[in-house]
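Peer 1: You'll find entry.cif just under this line, and it carries mmCIF, N, CA and C atoms.
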```cif
data_query
#
loop_
_atom_site.label_atom_id
_atom_site.label_comp_id
_atom_site.auth_asym_id
_atom_site.auth_seq_id
_atom_site.Cartn_x
_atom_site.Cartn_y
_atom_site.Cartn_z
N GLN X 3 262.70 344.25 88.16
CA GLN X 3 262.42 343.62 86.86
C GLN X 3 263.17 342.30 86.74
N VAL X 4 262.56 341.40 86.00
CA VAL X 4 263.16 340.09 85.75
C VAL X 4 263.20 339.88 84.24
N GLN X 5 264.34 339.43 83.75
CA GLN X 5 264.48 339.10 82.34
C GLN X 5 264.61 337.58 82.20
N LEU X 6 263.92 337.05 81.21
CA LEU X 6 263.94 335.62 80.95
C LEU X 6 264.40 335.38 79.52
N VAL X 7 265.41 334.55 79.37
CA VAL X 7 265.93 334.24 78.03
C VAL X 7 265.80 332.75 77.79
N GLU X 8 265.01 332.41 76.79
CA GLU X 8 264.75 331.00 76.46
C GLU X 8 265.64 330.54 75.32
N SER X 9 265.88 329.24 75.30
CA SER X 9 266.62 328.65 74.19
C SER X 9 266.23 327.19 74.08
N GLY X 10 266.53 326.60 72.92
CA GLY X 10 266.35 325.16 72.77
C GLY X 10 265.20 324.73 71.89
N GLY X 11 264.41 325.65 71.40
CA GLY X 11 263.33 325.25 70.51
C GLY X 11 263.84 324.81 69.16
N GLY X 12 262.94 324.31 68.32
CA GLY X 12 263.34 323.90 66.99
C GLY X 12 262.35 322.97 66.35
N LEU X 13 262.80 322.32 65.29
CA LEU X 13 261.98 321.38 64.53
C LEU X 13 262.44 319.96 64.83
N VAL X 14 261.49 319.09 65.12
CA VAL X 14 261.82 317.71 65.45
C VAL X 14 260.73 316.81 64.89
N GLN X 15 261.07 315.59 64.60
CA GLN X 15 260.08 314.64 64.11
C GLN X 15 259.29 314.03 65.27
N THR X 16 258.14 313.49 64.95
CA THR X 16 257.32 312.80 65.94
C THR X 16 258.16 311.72 66.64
N GLY X 17 258.05 311.72 67.96
CA GLY X 17 258.81 310.76 68.76
C GLY X 17 260.16 311.28 69.21
N GLY X 18 260.56 312.43 68.69
CA GLY X 18 261.86 312.98 69.04
C GLY X 18 261.84 313.73 70.37
N SER X 19 262.98 314.32 70.69
CA SER X 19 263.15 315.02 71.96
C SER X 19 263.75 316.39 71.75
N LEU X 20 263.42 317.29 72.66
CA LEU X 20 264.02 318.61 72.72
C LEU X 20 264.16 319.00 74.17
N ARG X 21 265.12 319.87 74.44
CA ARG X 21 265.29 320.39 75.79
C ARG X 21 265.28 321.91 75.73
N LEU X 22 264.35 322.50 76.43
CA LEU X 22 264.27 323.95 76.52
C LEU X 22 264.97 324.43 77.79
N SER X 23 265.59 325.59 77.69
CA SER X 23 266.22 326.22 78.84
C SER X 23 265.71 327.65 78.96
N CYS X 24 265.67 328.14 80.19
CA CYS X 24 265.25 329.52 80.45
C CYS X 24 266.10 330.05 81.59
N ALA X 25 266.88 331.08 81.29
CA ALA X 25 267.73 331.70 82.30
C ALA X 25 267.10 333.00 82.77
N ALA X 26 266.99 333.15 84.07
CA ALA X 26 266.41 334.35 84.66
C ALA X 26 267.51 335.25 85.20
N SER X 27 267.31 336.54 85.05
CA SER X 27 268.26 337.51 85.59
C SER X 27 267.49 338.74 86.05
N GLY X 28 268.17 339.59 86.81
CA GLY X 28 267.52 340.79 87.31
C GLY X 28 267.27 340.69 88.81
N THR X 29 266.18 341.29 89.25
CA THR X 29 265.83 341.29 90.67
C THR X 29 265.05 340.02 90.97
N LEU X 30 265.76 339.02 91.45
CA LEU X 30 265.16 337.71 91.67
C LEU X 30 264.89 337.49 93.15
N PHE X 31 263.91 336.67 93.43
CA PHE X 31 263.57 336.29 94.80
C PHE X 31 263.90 334.82 94.99
N SER X 32 264.34 334.48 96.19
CA SER X 32 264.72 333.08 96.45
C SER X 32 263.51 332.17 96.40
N ILE X 33 262.35 332.69 96.78
CA ILE X 33 261.12 331.91 96.73
C ILE X 33 260.32 332.36 95.50
N ASN X 34 260.13 331.44 94.58
CA ASN X 34 259.43 331.79 93.35
C ASN X 34 258.92 330.52 92.69
N VAL X 35 258.17 330.72 91.66
CA VAL X 35 257.71 329.61 90.84
C VAL X 35 258.10 329.90 89.40
N MET X 36 258.71 328.93 88.76
CA MET X 36 259.02 329.07 87.34
C MET X 36 258.29 327.98 86.57
N GLY X 37 257.98 328.27 85.35
CA GLY X 37 257.23 327.30 84.58
C GLY X 37 257.31 327.53 83.10
N TRP X 38 256.69 326.63 82.39
CA TRP X 38 256.59 326.69 80.93
C TRP X 38 255.12 326.66 80.53
N TYR X 39 254.78 327.57 79.66
CA TYR X 39 253.46 327.61 79.05
C TYR X 39 253.65 327.47 77.55
N ARG X 40 252.57 327.16 76.87
CA ARG X 40 252.64 327.09 75.42
C ARG X 40 251.35 327.63 74.81
N GLN X 41 251.51 328.11 73.59
CA GLN X 41 250.37 328.64 72.86
C GLN X 41 250.46 328.21 71.41
N ALA X 42 249.48 327.44 71.01
CA ALA X 42 249.38 327.00 69.62
C ALA X 42 248.52 327.99 68.84
N PRO X 43 248.66 328.04 67.53
CA PRO X 43 247.87 328.98 66.73
C PRO X 43 246.38 328.79 66.97
N GLY X 44 245.70 329.88 67.25
CA GLY X 44 244.26 329.85 67.46
C GLY X 44 243.82 329.32 68.80
N LYS X 45 244.76 329.05 69.69
CA LYS X 45 244.42 328.51 71.00
C LYS X 45 244.92 329.42 72.10
N GLN X 46 244.37 329.23 73.28
CA GLN X 46 244.81 330.01 74.42
C GLN X 46 246.13 329.47 74.97
N ARG X 47 246.86 330.35 75.64
CA ARG X 47 248.08 329.92 76.29
C ARG X 47 247.71 328.98 77.43
N GLU X 48 248.47 327.89 77.56
CA GLU X 48 248.18 326.91 78.60
C GLU X 48 249.44 326.53 79.36
N LEU X 49 249.25 326.16 80.61
CA LEU X 49 250.37 325.71 81.43
C LEU X 49 250.82 324.34 80.96
N VAL X 50 252.12 324.18 80.80
CA VAL X 50 252.72 322.88 80.48
C VAL X 50 253.26 322.23 81.74
N ALA X 51 254.08 322.98 82.48
CA ALA X 51 254.67 322.44 83.70
C ALA X 51 255.17 323.60 84.54
N GLY X 52 255.17 323.40 85.86
CA GLY X 52 255.68 324.40 86.78
C GLY X 52 256.52 323.76 87.86
N ILE X 53 257.42 324.55 88.43
CA ILE X 53 258.28 324.05 89.50
C ILE X 53 258.55 325.18 90.48
N THR X 54 258.41 324.88 91.76
CA THR X 54 258.70 325.88 92.79
C THR X 54 260.19 325.90 93.07
N SER X 55 260.61 326.93 93.80
CA SER X 55 262.02 327.01 94.17
C SER X 55 262.40 325.86 95.09
N GLY X 56 261.41 325.24 95.74
CA GLY X 56 261.66 324.09 96.59
C GLY X 56 261.66 322.77 95.84
N GLY X 57 261.31 322.81 94.56
CA GLY X 57 261.37 321.61 93.73
C GLY X 57 260.06 320.89 93.50
N SER X 58 258.96 321.40 94.03
CA SER X 58 257.66 320.78 93.75
C SER X 58 257.25 321.06 92.32
N THR X 59 256.71 320.05 91.67
CA THR X 59 256.36 320.19 90.26
C THR X 59 254.89 319.87 89.99
N ASN X 60 254.39 320.40 88.90
CA ASN X 60 253.07 320.02 88.41
C ASN X 60 253.10 320.06 86.89
N TYR X 61 252.26 319.23 86.29
CA TYR X 61 252.25 319.06 84.84
C TYR X 61 250.83 319.07 84.29
N ALA X 62 250.71 319.51 83.06
CA ALA X 62 249.45 319.33 82.35
C ALA X 62 249.28 317.84 82.08
N ASP X 63 248.04 317.38 82.11
CA ASP X 63 247.79 315.96 81.87
C ASP X 63 248.34 315.50 80.53
N SER X 64 248.31 316.37 79.56
CA SER X 64 248.71 316.00 78.20
C SER X 64 250.21 315.73 78.06
N VAL X 65 251.00 316.15 79.04
CA VAL X 65 252.46 315.95 78.93
C VAL X 65 253.02 315.05 80.02
N LYS X 66 252.18 314.64 80.94
CA LYS X 66 252.67 313.77 82.03
C LYS X 66 253.28 312.50 81.46
N GLY X 67 254.44 312.15 82.00
CA GLY X 67 255.13 310.95 81.54
C GLY X 67 256.03 311.18 80.33
N ARG X 68 255.89 312.34 79.70
CA ARG X 68 256.72 312.64 78.52
C ARG X 68 257.65 313.83 78.76
N PHE X 69 257.19 314.81 79.52
CA PHE X 69 257.98 316.01 79.79
C PHE X 69 258.45 316.00 81.24
N THR X 70 259.62 316.58 81.45
CA THR X 70 260.16 316.72 82.80
C THR X 70 260.68 318.13 82.98
N ILE X 71 260.20 318.79 84.02
CA ILE X 71 260.69 320.12 84.35
C ILE X 71 261.69 320.02 85.49
N SER X 72 262.74 320.81 85.41
CA SER X 72 263.75 320.83 86.47
C SER X 72 264.33 322.23 86.55
N ARG X 73 265.08 322.49 87.60
CA ARG X 73 265.69 323.81 87.74
C ARG X 73 267.01 323.71 88.46
N ASP X 74 267.85 324.68 88.18
CA ASP X 74 269.13 324.85 88.85
C ASP X 74 269.08 326.21 89.52
N ASN X 75 268.83 326.22 90.81
CA ASN X 75 268.66 327.49 91.51
C ASN X 75 269.96 328.32 91.53
N ALA X 76 271.09 327.66 91.52
CA ALA X 76 272.36 328.38 91.51
C ALA X 76 272.54 329.16 90.22
N LYS X 77 271.97 328.64 89.14
CA LYS X 77 272.07 329.29 87.83
C LYS X 77 270.80 330.06 87.46
N ASN X 78 269.81 330.04 88.35
CA ASN X 78 268.53 330.69 88.06
C ASN X 78 267.97 330.25 86.71
N THR X 79 268.05 328.97 86.47
CA THR X 79 267.66 328.42 85.17
C THR X 79 266.66 327.29 85.36
N VAL X 80 265.66 327.27 84.50
CA VAL X 80 264.69 326.20 84.49
C VAL X 80 264.77 325.48 83.14
N TYR X 81 264.55 324.19 83.17
CA TYR X 81 264.65 323.36 81.98
C TYR X 81 263.34 322.61 81.74
N LEU X 82 263.10 322.28 80.49
CA LEU X 82 261.98 321.42 80.16
C LEU X 82 262.49 320.36 79.17
N GLN X 83 262.60 319.15 79.67
CA GLN X 83 262.99 318.03 78.81
C GLN X 83 261.72 317.45 78.20
N MET X 84 261.65 317.45 76.89
CA MET X 84 260.46 316.99 76.19
C MET X 84 260.80 315.76 75.37
N ASN X 85 260.21 314.64 75.73
CA ASN X 85 260.43 313.37 75.03
C ASN X 85 259.13 312.91 74.36
N SER X 86 259.27 311.97 73.46
CA SER X 86 258.10 311.41 72.76
C SER X 86 257.19 312.51 72.23
N LEU X 87 257.78 313.46 71.57
CA LEU X 87 257.02 314.61 71.09
C LEU X 87 256.00 314.22 70.04
N LYS X 88 254.88 314.92 70.06
CA LYS X 88 253.77 314.67 69.15
C LYS X 88 253.48 315.95 68.36
N PRO X 89 252.85 315.82 67.21
CA PRO X 89 252.51 317.03 66.44
C PRO X 89 251.67 318.02 67.24
N GLU X 90 250.84 317.52 68.15
CA GLU X 90 250.00 318.41 68.96
C GLU X 90 250.80 319.18 70.00
N ASP X 91 252.08 318.87 70.16
CA ASP X 91 252.95 319.66 71.04
C ASP X 91 253.48 320.91 70.34
N THR X 92 253.22 321.02 69.06
CA THR X 92 253.68 322.18 68.31
C THR X 92 253.05 323.46 68.85
N ALA X 93 253.90 324.41 69.20
CA ALA X 93 253.44 325.66 69.80
C ALA X 93 254.64 326.57 70.05
N VAL X 94 254.34 327.79 70.43
CA VAL X 94 255.37 328.66 70.99
C VAL X 94 255.39 328.41 72.49
N TYR X 95 256.55 328.13 73.01
CA TYR X 95 256.71 327.83 74.43
C TYR X 95 257.29 329.05 75.14
N TYR X 96 256.63 329.42 76.22
CA TYR X 96 257.02 330.62 76.97
C TYR X 96 257.47 330.24 78.38
N CYS X 97 258.56 330.82 78.79
CA CYS X 97 259.03 330.67 80.16
C CYS X 97 258.32 331.70 81.03
N ASN X 98 258.02 331.31 82.25
CA ASN X 98 257.33 332.19 83.18
C ASN X 98 258.01 332.18 84.54
N TYR X 99 258.10 333.37 85.14
CA TYR X 99 258.66 333.53 86.50
C TYR X 99 257.62 334.27 87.32
N ARG X 100 257.26 333.69 88.45
CA ARG X 100 256.19 334.29 89.25
C ARG X 100 256.58 334.35 90.71
N ARG X 101 256.32 335.50 91.29
CA ARG X 101 256.59 335.70 92.72
C ARG X 101 255.55 336.68 93.23
N SER X 102 254.65 336.19 94.08
CA SER X 102 253.59 337.03 94.64
C SER X 102 252.80 337.64 93.48
N ILE X 103 252.68 338.95 93.43
CA ILE X 103 251.90 339.59 92.38
C ILE X 103 252.70 339.82 91.12
N TYR X 104 253.98 339.51 91.16
CA TYR X 104 254.86 339.76 90.02
C TYR X 104 254.90 338.55 89.10
N ASN X 105 254.75 338.84 87.81
CA ASN X 105 254.63 337.78 86.82
C ASN X 105 255.39 338.21 85.56
N TYR X 106 256.38 337.42 85.16
CA TYR X 106 257.22 337.80 84.03
C TYR X 106 257.22 336.69 82.99
N TRP X 107 257.38 337.10 81.72
CA TRP X 107 257.36 336.16 80.60
C TRP X 107 258.60 336.32 79.74
N GLY X 108 259.05 335.20 79.18
CA GLY X 108 260.08 335.23 78.18
C GLY X 108 259.50 335.58 76.82
N GLN X 109 260.35 335.67 75.82
CA GLN X 109 259.91 336.08 74.50
C GLN X 109 259.28 334.93 73.71
N GLY X 110 259.48 333.72 74.18
CA GLY X 110 258.91 332.56 73.51
C GLY X 110 259.89 331.89 72.57
N THR X 111 259.78 330.58 72.45
CA THR X 111 260.61 329.81 71.53
C THR X 111 259.71 328.80 70.81
N GLN X 112 259.88 328.71 69.51
CA GLN X 112 259.00 327.87 68.70
C GLN X 112 259.45 326.41 68.77
N VAL X 113 258.47 325.55 69.01
CA VAL X 113 258.69 324.10 68.94
C VAL X 113 257.74 323.56 67.87
N THR X 114 258.30 322.90 66.88
CA THR X 114 257.50 322.33 65.80
C THR X 114 257.80 320.85 65.69
N VAL X 115 256.75 320.04 65.77
CA VAL X 115 256.89 318.59 65.68
C VAL X 115 256.23 318.15 64.38
N SER X 116 257.02 317.59 63.50
CA SER X 116 256.50 317.16 62.21
C SER X 116 256.04 315.70 62.28
N SER X 117 255.00 315.41 61.52
CA SER X 117 254.44 314.05 61.54
C SER X 117 255.06 313.19 60.44
#
```
What is this structure when it is put down as structure tokens?
Peer 2:
Amino acid sequence: QVQLVESGGGLVQTGGSLRLSCAASGTLFSINVMGWYRQAPGKQRELVAGITSGGSTNYADSVKGRFTISRDNAKNTVYLQMNSLKPEDTAVYYCNYRRSIYNYWGQGTQVTVSS
């Protein structure tokens, strides 16, 4: 089992910044993919950004140039730096840990961007 604990969400004005953190614990594998997804009210959960244990990253087109995903493998922690936030970024953000057929989710953290 893998446990994911997220932190860093909150309320911010348009153009502001937030940094999300997600710490993983439990039975971890050295090779894995961690990422951030988000789900807005009435919408499906979508990938925001992902990063492999080797450091390769991918981003949703809507956040490219504004969000940066990074990780500290020694701390089993993944980060999402969110800049130039827009009201459409408002959602619950979920941390994800994936290894082979195993897929784990955090409890989610609310990000609200006011206009």
Peer 1: Which residues, named as in the file, does the PyMOL selection byres ((chain X and resi 105-116) around 5) pick out? Answer as a PyMOL selection string.
Peer 2: chain X and resi 6+11-16+89+92-100+103-104+117
Peer 1: Save out the residues we just selected, N, CA and C atoms, as an mmCIF file, in the frame of the given file.
Peer 2:
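Contents of selection32.cif, as written:
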```cif
data_model
loop_
_atom_site.group_PDB
_atom_site.id
_atom_site.type_symbol
_atom_site.label_atom_id
_atom_site.label_comp_id
_atom_site.auth_asym_id
_atom_site.auth_seq_id
_atom_site.Cartn_x
_atom_site.Cartn_y
_atom_site.Cartn_z
ATOM 1 N N LEU X 6 263.920 337.050 81.210
ATOM 2 C CA LEU X 6 263.940 335.620 80.950
ATOM 3 C C LEU X 6 264.400 335.380 79.520
ATOM 4 N N GLY X 11 264.410 325.650 71.400
ATOM 5 C CA GLY X 11 263.330 325.250 70.510
ATOM 6 C C GLY X 11 263.840 324.810 69.160
ATOM 7 N N GLY X 12 262.940 324.310 68.320
ATOM 8 C CA GLY X 12 263.340 323.900 66.990
ATOM 9 C C GLY X 12 262.350 322.970 66.350
ATOM 10 N N LEU X 13 262.800 322.320 65.290
ATOM 11 C CA LEU X 13 261.980 321.380 64.530
ATOM 12 C C LEU X 13 262.440 319.960 64.830
ATOM 13 N N VAL X 14 261.490 319.090 65.120
ATOM 14 C CA VAL X 14 261.820 317.710 65.450
ATOM 15 C C VAL X 14 260.730 316.810 64.890
ATOM 16 N N GLN X 15 261.070 315.590 64.600
ATOM 17 C CA GLN X 15 260.080 314.640 64.110
ATOM 18 C C GLN X 15 259.290 314.030 65.270
ATOM 19 N N THR X 16 258.140 313.490 64.950
ATOM 20 C CA THR X 16 257.320 312.800 65.940
ATOM 21 C C THR X 16 258.160 311.720 66.640
ATOM 22 N N PRO X 89 252.850 315.820 67.210
ATOM 23 C CA PRO X 89 252.510 317.030 66.440
ATOM 24 C C PRO X 89 251.670 318.020 67.240
ATOM 25 N N THR X 92 253.220 321.020 69.060
ATOM 26 C CA THR X 92 253.680 322.180 68.310
ATOM 27 C C THR X 92 253.050 323.460 68.850
ATOM 28 N N ALA X 93 253.900 324.410 69.200
ATOM 29 C CA ALA X 93 253.440 325.660 69.800
ATOM 30 C C ALA X 93 254.640 326.570 70.050
ATOM 31 N N VAL X 94 254.340 327.790 70.430
ATOM 32 C CA VAL X 94 255.370 328.660 70.990
ATOM 33 C C VAL X 94 255.390 328.410 72.490
ATOM 34 N N TYR X 95 256.550 328.130 73.010
ATOM 35 C CA TYR X 95 256.710 327.830 74.430
ATOM 36 C C TYR X 95 257.290 329.050 75.140
ATOM 37 N N TYR X 96 256.630 329.420 76.220
ATOM 38 C CA TYR X 96 257.020 330.620 76.970
ATOM 39 C C TYR X 96 257.470 330.240 78.380
ATOM 40 N N CYS X 97 258.560 330.820 78.790
ATOM 41 C CA CYS X 97 259.030 330.670 80.160
ATOM 42 C C CYS X 97 258.320 331.700 81.030
ATOM 43 N N ASN X 98 258.020 331.310 82.250
ATOM 44 C CA ASN X 98 257.330 332.190 83.180
ATOM 45 C C ASN X 98 258.010 332.180 84.540
ATOM 46 N N TYR X 99 258.100 333.370 85.140
ATOM 47 C CA TYR X 99 258.660 333.530 86.500
ATOM 48 C C TYR X 99 257.620 334.270 87.320
ATOM 49 N N ARG X 100 257.260 333.690 88.450
ATOM 50 C CA ARG X 100 256.190 334.290 89.250
ATOM 51 C C ARG X 100 256.580 334.350 90.710
ATOM 52 N N ILE X 103 252.680 338.950 93.430
ATOM 53 C CA ILE X 103 251.900 339.590 92.380
ATOM 54 C C ILE X 103 252.700 339.820 91.120
ATOM 55 N N TYR X 104 253.980 339.510 91.160
ATOM 56 C CA TYR X 104 254.860 339.760 90.020
ATOM 57 C C TYR X 104 254.900 338.550 89.100
ATOM 58 N N SER X 117 255.000 315.410 61.520
ATOM 59 C CA SER X 117 254.440 314.050 61.540
ATOM 60 C C SER X 117 255.060 313.190 60.440
#
```
Peer 1: Using only C-alpha atoms, which residues sit within 7 Å of segment 61-77 of chain X once same-chain residues fewer than 2 positions away are excluded, as a list in words?
Peer 2: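 Result of the neighbour search: Leu49, Val50, Ala51, Gly52, Ile53, Thr59, Thr79, Val80, Tyr81, Leu82, Gln83, Met84, Asn85 and Ser86 of chain X.
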Peer 1: With the PyMOL selection byres ((chain X and resi 32) around 8) as the selection, what would be picked from this file? Answer as a compact mmCIF listing (two decimals) with N, CA and C atoms, in the coordinates of the input, please.
Peer 2:
```txt
# COMPACT_ATOMS: atom_id res chain seq x y z
N THR X 29 266.18 341.29 89.25
CA THR X 29 265.83 341.29 90.67
C THR X 29 265.05 340.02 90.97
N LEU X 30 265.76 339.02 91.45
CA LEU X 30 265.16 337.71 91.67
C LEU X 30 264.89 337.49 93.15
N PHE X 31 263.91 336.67 93.43
CA PHE X 31 263.57 336.29 94.80
C PHE X 31 263.90 334.82 94.99
N ILE X 33 262.35 332.69 96.78
CA ILE X 33 261.12 331.91 96.73
C ILE X 33 260.32 332.36 95.50
N ASN X 34 260.13 331.44 94.58
CA ASN X 34 259.43 331.79 93.35
C ASN X 34 258.92 330.52 92.69
N VAL X 35 258.17 330.72 91.66
CA VAL X 35 257.71 329.61 90.84
C VAL X 35 258.10 329.90 89.40
N THR X 54 258.41 324.88 91.76
CA THR X 54 258.70 325.88 92.79
C THR X 54 260.19 325.90 93.07
N SER X 55 260.61 326.93 93.80
CA SER X 55 262.02 327.01 94.17
C SER X 55 262.40 325.86 95.09
N GLY X 56 261.41 325.24 95.74
CA GLY X 56 261.66 324.09 96.59
C GLY X 56 261.66 322.77 95.84
```
Peer 1: From a backbone DSSP assignment, name each residue in chain X labelled strand (DSSP E or B), as a ChimeraX atom specification.
Peer 2: /X:4-9,12-15,20-28,35-41,48-54,59-61,69-74,79-84,93-101,104-107,111-116
Peer 1: For each of X:Ala42, X:Asn60, X:Met36, X:Lys88, take the minimum atom-to-atom distance to Gly18 of chain X, counting all atoms listed in the file, then give the residue where this is smallest.
Peer 2: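 Checking each of X:Ala42, X:Asn60, X:Met36, X:Lys88 against Gly18 of chain X, counting all atoms listed in the file, the winner is X:Lys88.
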Peer 1: Please, what distance in Å, to one decimal, runs between atom N of Trp38 of chain X and atom N of Ser9 of chain X?
Peer 2: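 Computing the Euclidean distance for atom N of Trp38 of chain X and atom N of Ser9 of chain X yields 11.9 Å.
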Peer 1: Kindly give the distance, in Å, that separates atom CA of Gln5 of chain X and atom CA of Asn78 of chain X, rounded to a single decimal.
Peer 2: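 Interatomic distance here is 10.9 Å.
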Peer 1: So the first atom is atom CA of Cys24 of chain X and the second is atom C of Gly10 of chain X; what is the distance between them in Å, to one decimal place?
Peer 2: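 Between these atoms lies a distance of 9.8 Å.
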Peer 1: For segment 96-112 of chain X, which lacks atoms in the input, supply N, CA, C and O atoms and format the output as a compact mmCIF listing (two decimals), in the frame of the given file.
Peer 2:
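Final output, saved to rebuild-v4.txt:
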```
# COMPACT_ATOMS: atom_id res chain seq x y z
N TYR X 96 256.63 329.42 76.22
CA TYR X 96 257.02 330.62 76.97
C TYR X 96 257.47 330.24 78.38
O TYR X 96 256.79 329.47 79.07
N CYS X 97 258.56 330.82 78.79
CA CYS X 97 259.03 330.67 80.16
C CYS X 97 258.32 331.70 81.03
O CYS X 97 258.06 332.84 80.59
N ASN X 98 258.02 331.31 82.25
CA ASN X 98 257.33 332.19 83.18
C ASN X 98 258.01 332.18 84.54
O ASN X 98 258.46 331.13 85.02
N TYR X 99 258.10 333.37 85.14
CA TYR X 99 258.66 333.53 86.50
C TYR X 99 257.62 334.27 87.32
O TYR X 99 257.15 335.34 86.92
N ARG X 100 257.26 333.69 88.45
CA ARG X 100 256.19 334.29 89.25
C ARG X 100 256.58 334.35 90.71
O ARG X 100 257.12 333.41 91.28
N ARG X 101 256.32 335.50 91.29
CA ARG X 101 256.59 335.70 92.72
C ARG X 101 255.55 336.68 93.23
O ARG X 101 255.54 337.83 92.82
N SER X 102 254.65 336.19 94.08
CA SER X 102 253.59 337.03 94.64
C SER X 102 252.80 337.64 93.48
O SER X 102 252.31 336.92 92.62
N ILE X 103 252.68 338.95 93.43
CA ILE X 103 251.90 339.59 92.38
C ILE X 103 252.70 339.82 91.12
O ILE X 103 252.18 340.30 90.12
N TYR X 104 253.98 339.51 91.16
CA TYR X 104 254.86 339.76 90.02
C TYR X 104 254.90 338.55 89.10
O TYR X 104 255.07 337.42 89.52
N ASN X 105 254.75 338.84 87.81
CA ASN X 105 254.63 337.78 86.82
C ASN X 105 255.39 338.21 85.56
O ASN X 105 255.09 339.25 84.98
N TYR X 106 256.38 337.42 85.16
CA TYR X 106 257.22 337.80 84.03
C TYR X 106 257.22 336.69 82.99
O TYR X 106 257.12 335.50 83.33
N TRP X 107 257.38 337.10 81.72
CA TRP X 107 257.36 336.16 80.60
C TRP X 107 258.60 336.32 79.74
O TRP X 107 259.12 337.43 79.56
N GLY X 108 259.05 335.20 79.18
CA GLY X 108 260.08 335.23 78.18
C GLY X 108 259.50 335.58 76.82
O GLY X 108 258.28 335.75 76.68
N GLN X 109 260.35 335.67 75.82
CA GLN X 109 259.91 336.08 74.50
C GLN X 109 259.28 334.93 73.71
O GLN X 109 258.63 335.15 72.69
N GLY X 110 259.48 333.72 74.18
CA GLY X 110 258.91 332.56 73.51
C GLY X 110 259.89 331.89 72.57
O GLY X 110 260.75 332.55 71.96
N THR X 111 259.78 330.58 72.45
CA THR X 111 260.61 329.81 71.53
C THR X 111 259.71 328.80 70.81
O THR X 111 258.87 328.14 71.43
N GLN X 112 259.88 328.71 69.51
CA GLN X 112 259.00 327.87 68.70
C GLN X 112 259.45 326.41 68.77
O GLN X 112 260.63 326.10 68.60
```
